[in-house]
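A quick write-up on the structure given underneath.
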Amino acid sequence: MVPLPRLCALWGCLLLTAVHLGQCLTCSDKQYLYNGQCCDLCQPGKRVNSHCTALEKTQCAPCGSGEFSAHWNMEIRCHQHRHCELNQGFRVKKEGTAESDTVCACKEGQHCTSKDCEACTPHTPCGLGFGVVGMATETTDTICHPCPVGFFSNQSSLFEKCHPWTSCKDEMEVVQEGTNQTDVVCGFRPRMRALLVIPILMVILITIFTVFLYISGQETKG
Ligand SMILES: *[C@@H]1O[C@H](CO)[C@@H](O)[C@H](O)[C@H]1NC(C)=O
Ligand SMILES: *[C@@H]1O[C@H](CO)[C@@H](O)[C@H](O)[C@H]1NC(C)=O
């Protein structure tokens, strides 16, 4: 037994089919069903002003300024363009048209927090002892790595890599070891030592000379 409502629907459809010749519930591509009529959709950049009737085709109207419709549609209103809020770190990447939405991106120095770019956040600088291995982009944050042994980073920066320690050349030698945050300090240590040795030697020589003079003075007296 077919239930009564379904039976009625079936008969109704057959009846409509007989009357409208194949227009029962199926409209062609770029058409929509409205009050038993197949109406033409409005093209992108436009919206429906009035639905079609048995006598008239669909009336379409262009989207106003600041509005768009991206697809063939049967909408009464166009959509508002997205607003790129400057105070939230956004900028306009691509102006909207009658057929496309405005595209926002993050301002210089900021990146999107998600794929849809619903919010912007400032790039993170790489701190002391860390170097930049990947600069931030419009959509990704800075990538920082700790400086390996032999390298240092002495500033918080969005672009500085780890720098290699200075290698002390010629008569210079390391007077202070490098760290991951500070460079090696080179100096003239051998010459410094020589400079220290000279006064010490002189003091010793003068002492010996004085003692010698004193002793020879004693001997002359005696
Ligand atoms: C830098 O060196 C110090 C001392 O060796 C260490 O404690 C610290 O974790 C290092 N920092 C980084 C970023 O590797
Ligand atoms: C970092 O190190 C470099 C090279 O040693 C030096 O020229 C610069 O002044 C240092 N900067 C800071 C902020 O300490």
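Ordering of the structure tokens sets the chain letters (A, B, ...), residue numbers begin anew at 1 in every chain, and ligands are numbered from 1 in the order given.
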
For ligand 2, list the contacting residues at 9 Å or closer, counting only C-alpha atoms and all ligand atoms, as a compact mmCIF listing (two decimals) with N, CA and C atoms, in the first residue's frame.
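Generated output (selection-v2.txt):
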# COMPACT_ATOMS: atom_id res chain seq x y z
N PHE A 152 77.37 32.49 17.46
CA PHE A 152 76.69 33.28 18.50
C PHE A 152 75.66 34.22 17.88
N SER A 153 74.73 34.63 18.71
CA SER A 153 73.76 35.67 18.33
C SER A 153 73.60 36.58 19.52
N ASN A 154 74.01 37.84 19.39
CA ASN A 154 73.98 38.77 20.53
C ASN A 154 72.85 39.78 20.41
N GLN A 155 71.86 39.51 19.52
CA GLN A 155 70.71 40.42 19.46
C GLN A 155 69.43 39.67 19.14
N SER A 156 68.33 40.25 19.60
CA SER A 156 67.00 39.73 19.30
C SER A 156 66.62 40.31 17.94
N HIS A 163 76.12 34.08 13.99
CA HIS A 163 77.39 34.45 13.35
C HIS A 163 78.49 33.53 13.88
N TRP A 165 82.06 32.52 15.40
CA TRP A 165 83.03 33.22 16.27
C TRP A 165 84.18 33.74 15.42
N THR A 166 84.74 34.87 15.83
CA THR A 166 85.93 35.41 15.18
C THR A 166 87.08 34.43 15.44
N GLN A 181 75.99 33.56 22.93
CA GLN A 181 75.49 34.94 22.86
C GLN A 181 76.58 35.97 22.64
N THR A 182 77.84 35.56 22.78
CA THR A 182 78.94 36.53 22.63
C THR A 182 80.04 35.97 21.75
N ASP A 183 80.74 36.89 21.07
CA ASP A 183 81.83 36.51 20.18
C ASP A 183 83.09 36.22 21.02
N VAL A 184 84.02 35.53 20.39
CA VAL A 184 85.35 35.34 20.97
C VAL A 184 86.03 36.71 21.04
N VAL A 185 86.78 36.97 22.10
CA VAL A 185 87.56 38.21 22.17
C VAL A 185 89.04 37.85 21.97

Do a neighbour search on stretch 134-146 of chain A at 9 Å with only C-alpha atoms, toss out local chain neighbours closer than 2 positions, and write the hits as a ChimeraX atom specification. /A:105-115,117,120-132,148,152-153,158-159,161-162,180

Name all residues at most 10 Å from A:Val174 (count only C-alpha atoms; drop same-chain ones fewer than 3 positions away) and give them as a PyMOL selection string. chain A and resi 166-169+177-178+184-189

Long-range neighbours of stretch 59-67 of chain A as a PDB file with N, CA, C and O atoms, in the first residue's frame, 6 Å cut-off, only C-alpha atoms, 5 positions minimum in chain:
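Below you can see part_14.pdb, which holds the result:
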ATOM      1  N   CYS A  42      20.716  34.608 -12.032  1.00  0.00           N
ATOM      2  CA  CYS A  42      21.411  35.838 -12.388  1.00  0.00           C
ATOM      3  C   CYS A  42      22.912  35.561 -12.411  1.00  0.00           C
ATOM      4  O   CYS A  42      23.421  34.790 -11.600  1.00  0.00           O
ATOM      5  N   GLY A  45      28.029  39.000 -10.210  1.00  0.00           N
ATOM      6  CA  GLY A  45      28.035  40.458 -10.297  1.00  0.00           C
ATOM      7  C   GLY A  45      26.622  41.034 -10.262  1.00  0.00           C
ATOM      8  O   GLY A  45      26.459  42.249 -10.188  1.00  0.00           O
ATOM      9  N   LYS A  46      25.630  40.151 -10.348  1.00  0.00           N
ATOM     10  CA  LYS A  46      24.225  40.603 -10.313  1.00  0.00           C
ATOM     11  C   LYS A  46      23.444  39.819  -9.275  1.00  0.00           C
ATOM     12  O   LYS A  46      23.929  38.842  -8.715  1.00  0.00           O
ATOM     13  N   ARG A  47      22.205  40.276  -9.036  1.00  0.00           N
ATOM     14  CA  ARG A  47      21.293  39.614  -8.100  1.00  0.00           C
ATOM     15  C   ARG A  47      19.900  39.637  -8.708  1.00  0.00           C
ATOM     16  O   ARG A  47      19.677  40.333  -9.710  1.00  0.00           O
ATOM     17  N   VAL A  48      18.984  38.895  -8.100  1.00  0.00           N
ATOM     18  CA  VAL A  48      17.603  38.846  -8.607  1.00  0.00           C
ATOM     19  C   VAL A  48      16.849  40.091  -8.158  1.00  0.00           C
ATOM     20  O   VAL A  48      16.842  40.415  -6.976  1.00  0.00           O
ATOM     21  N   ASN A  49      16.261  40.776  -9.108  1.00  0.00           N
ATOM     22  CA  ASN A  49      15.408  41.928  -8.790  1.00  0.00           C
ATOM     23  C   ASN A  49      13.958  41.467  -8.681  1.00  0.00           C
ATOM     24  O   ASN A  49      13.256  41.845  -7.773  1.00  0.00           O
ATOM     25  N   SER A  50      13.522  40.636  -9.659  1.00  0.00           N
ATOM     26  CA  SER A  50      12.216  39.975  -9.521  1.00  0.00           C
ATOM     27  C   SER A  50      12.270  38.609 -10.190  1.00  0.00           C
ATOM     28  O   SER A  50      12.922  38.440 -11.226  1.00  0.00           O
ATOM     29  N   CYS A  78      23.087  41.040  -2.819  1.00  0.00           N
ATOM     30  CA  CYS A  78      24.501  40.693  -3.017  1.00  0.00           C
ATOM     31  C   CYS A  78      25.166  40.644  -1.638  1.00  0.00           C
ATOM     32  O   CYS A  78      24.596  41.126  -0.654  1.00  0.00           O
ATOM     33  N   HIS A  79      26.376  40.077  -1.569  1.00  0.00           N
ATOM     34  CA  HIS A  79      27.113  40.012  -0.298  1.00  0.00           C
ATOM     35  C   HIS A  79      27.976  41.261  -0.141  1.00  0.00           C
ATOM     36  O   HIS A  79      28.445  41.816  -1.125  1.00  0.00           O
ATOM     37  N   GLN A  80      28.179  41.657   1.123  1.00  0.00           N
ATOM     38  CA  GLN A  80      29.067  42.787   1.412  1.00  0.00           C
ATOM     39  C   GLN A  80      30.522  42.351   1.238  1.00  0.00           C
ATOM     40  O   GLN A  80      30.865  41.234   1.591  1.00  0.00           O
ATOM     41  N   HIS A  81      31.345  43.266   0.701  1.00  0.00           N
ATOM     42  CA  HIS A  81      32.779  42.986   0.647  1.00  0.00           C
ATOM     43  C   HIS A  81      33.332  42.862   2.063  1.00  0.00           C
ATOM     44  O   HIS A  81      32.886  43.568   2.968  1.00  0.00           O
TER      45      HIS A  81
END

Considering only strand (DSSP E or B) as DSSP defines it on the backbone, what residues of stretch 70-180 of chain A qualify? List them as number ranges by chain. A: 73, 79-80, 90-94, 103-106, 110-112, 120-122, 126, 130-134, 143-146, 151-152, 157, 163-164, 173-176

Grab the residues selected above and save them as a CSV table (one decimal), in the first residue's frame with C-alpha atoms.
chain,number,residue,atom,x,y,z
A,73,ASN,CA,22.6,33.0,-8.2
A,79,HIS,CA,27.1,40.0,-0.3
A,80,GLN,CA,29.1,42.8,1.4
A,90,PHE,CA,45.1,43.8,8.3
A,91,ARG,CA,45.7,45.4,4.9
A,92,VAL,CA,43.9,45.1,1.6
A,93,LYS,CA,45.7,42.6,-0.6
A,94,LYS,CA,43.1,42.6,-3.4
A,103,VAL,CA,41.1,39.7,0.0
A,104,CYS,CA,42.8,40.8,3.2
A,105,ALA,CA,46.4,40.0,4.3
A,106,CYS,CA,48.4,41.0,7.3
A,110,GLN,CA,52.7,40.5,11.0
A,111,HIS,CA,51.4,37.1,9.8
A,112,CYS,CA,48.1,35.2,9.8
A,120,CYS,CA,47.1,38.8,12.5
A,121,THR,CA,49.9,38.6,15.0
A,122,PRO,CA,53.4,40.2,15.0
A,126,CYS,CA,64.7,35.2,17.6
A,130,PHE,CA,69.1,31.9,18.7
A,131,GLY,CA,69.5,32.5,15.0
A,132,VAL,CA,66.9,33.0,12.2
A,133,VAL,CA,66.8,30.0,10.0
A,134,GLY,CA,63.5,31.0,8.3
A,143,ILE,CA,61.8,30.0,12.6
A,144,CYS,CA,64.5,30.2,15.2
A,145,HIS,CA,67.3,27.6,16.0
A,146,PRO,CA,69.7,27.7,19.0
A,151,PHE,CA,78.4,30.5,16.6
A,152,PHE,CA,76.7,33.3,18.5
A,157,SER,CA,66.2,39.9,15.6
A,163,HIS,CA,77.4,34.4,13.4
A,164,PRO,CA,80.6,32.3,13.5
A,173,GLU,CA,94.9,34.8,20.7
A,174,VAL,CA,91.7,34.1,22.5
A,175,VAL,CA,91.6,36.2,25.6
A,176,GLN,CA,87.9,35.5,26.2
